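To start, the structure itself, in structure tokens.
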Amino acid sequence: MRLTRSGVATGFIVVLALWLGSLVTSALPDPDDVYDQPFVTKASVNQEVEIRTAKLNVTGVRSGPEFQYATFVDGQAVNGTSTIAATTAIWLVIDITYEPTGQTSSLQGLRVKAADGRLFGADSVTIPCGPTQPGMALNCAIPFEVPKDALAGAHLLVPAAGLVDAADSLADIDLGIDAAEATTLGAATERQMIDPKPAGEG
Amino acid sequence: METRSWWRRNRNWLAVVVPVVAIAVLATAFRWFMIYQPNEWSRPTKAEGSTGTLHQEYTGQDGNRTSLDVTVTLGGVSEISEFEEAKAAPGGTMWLVELNLTADPEQDLASCMISLIDDQQVRYEASTVDLGAGNNAGKVGSTDSILWDTNRLDCVPEGFGERPATWTVQAAIVLPTGTAPTSVEIGWRKPQYLTFSIPS
């Protein structure tokens, strides 16, 4: 077999292409690692963020050893609507404005993620936020029972359809809790009121 | 020495590339067709005028194939100030949908979805199904002042005994004030539903 100039060039190009291809594939994430990962949109407090099913805005973070969930009129809980829950840890209460887009829905499946990766849940069966209609925002407060050492650096995860580990849209909201703020939140002693209401009611 | 151009020499293989790419795209879209689409209200049957019939075949809880046949007549869609003592939340306007249904009394029609759709294809839903936990808490804030969804939506007449062959369903749905509905949808089991245009 005789080596020709074009044959050598072709061989060189093929080897070069294989080498470049291996560089690209080694730089890309493994398909198995990303196949079921959520599509994350990052935000912070008082920054509106849009996920596939809704627009969200975390407007505040507070805490206390107890919360009271009720319908309040003139600051007083309406008879028969009140639930009080206490904890030996701390209730981290997140105020959030929730407005569905596209279709009627409720805010479900939220998690607080601690800086070390621990996840803490809040069940919308006990503290509902919705359902509400597109274009009609709700001001909700969602309590999470967390140990005090989980406060600093905590994030709120809001999934589009109730599951934070689904391959779907997910808001990752930095709650802006530094070490000093975590100490203040952890030492709170006041009962927190939870009274979801339409954003139009203020 | 081959004198034909590369494109000409390989035209048969190039022609094969087109269907191969199409098959590859379809094969990778199985989630869309097998999971997402069947679990959304994705297959409309458009009513001619004010009356339409929904025919649907599905597998019941007993594992047997069964069918659903309902004839629906749109009685009307109108703004109302309140419904069963509930009023729209601030910024919202309540609309009443009236539908006249005809179906074999043996069919299971207890859980249904009724929606109003606006000109941007946004769905405003009253449902006895698929609103999750919130369905138990449709009324938030002042229980007398807000109707987020009709927890009280009855797709079939209340009471015991055999269901009549014809009955009327009312659903009150809140839309943001200034938004007018352009169509009505009713369905029992995803993905099929019946849709009516609202006469302007």
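The way I read the labels, and the way they are meant: chains A, B, ... in the order of the structure tokens, residue 1 as the first residue of every chain, and ligand 1 as the first ligand shown, with later ones counted on from there.
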Checklist entry - If you count only C-alpha atoms, which residues fall within 7 Å of Ala172 (chain B), apart from same-chain ones fewer than 6 positions away, as a PyMOL selection string? => result chain B and resi 83+94-97+150
Next on the checklist: If you run DSSP on the backbone here, which positions in region 13-120 of chain A get alpha helix (DSSP H)? Please write them as a VMD selection string.
Outcome noted: chain A and resid 13 to 27 31 to 34
Checklist entry - Between CA of Ala24 (chain B) and CA of Asn10 (chain B), what is the distance, to one decimal in Å? => result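 Between these atoms lies a distance of 20.9 Å.
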Next on the checklist: So the first atom is CA of Trp41 (chain B) and the second is CA of Tyr193 (chain B); what is the distance between them in Å, to one decimal place?
Outcome noted: 6.7 Å
Checklist entry - To one decimal place, how far is CA of Asp62 (chain B) from CA of Asp104 (chain B) in Å? => result 19.3 Å
Item to check | Within 8 Å of region 107-116 of chain B using only C-alpha atoms, minus same-chain residues under 5 positions, as a ChimeraX atom specification | outcome: /B:68,123-129,154-156,171,173,181-189
Next on the checklist: Set the distance at 12 Å and use only C-alpha atoms: which residues neighbour Gly121 (chain A) once local chain neighbours fewer than 3 positions away are removed? I'd like the list as a PyMOL selection string.
Outcome noted: chain A and resi 91-92+108-114+118+124-127+142-146+156-158+162-164
Next on the checklist: So that I can check the surroundings of Gln47 (chain A), please list as a ChimeraX atom specification every protein, DNA and RNA residue that reaches within 9 Å of it, counting only C-alpha atoms and ignoring chain neighbours fewer than 2 positions away.
Outcome noted: /A:43-45,49,56-59,173
Item to check | Which of chain B DSSP labels strand (DSSP E or B), written as a PyMOL selection string | outcome: chain B and resi 43-46+48+51-59+65-80+82-83+86-87+92-103+113-118+123-127+166-176+181-187+192-197
Checklist entry - A:Thr132, A:Ser105, A:Thr87, A:Asn46: which is nearest Ser63 (chain A), counting only C-alpha atoms? => result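 When distances to Ser63 (chain A) are compared using only C-alpha atoms, the smallest one comes from A:Thr87.
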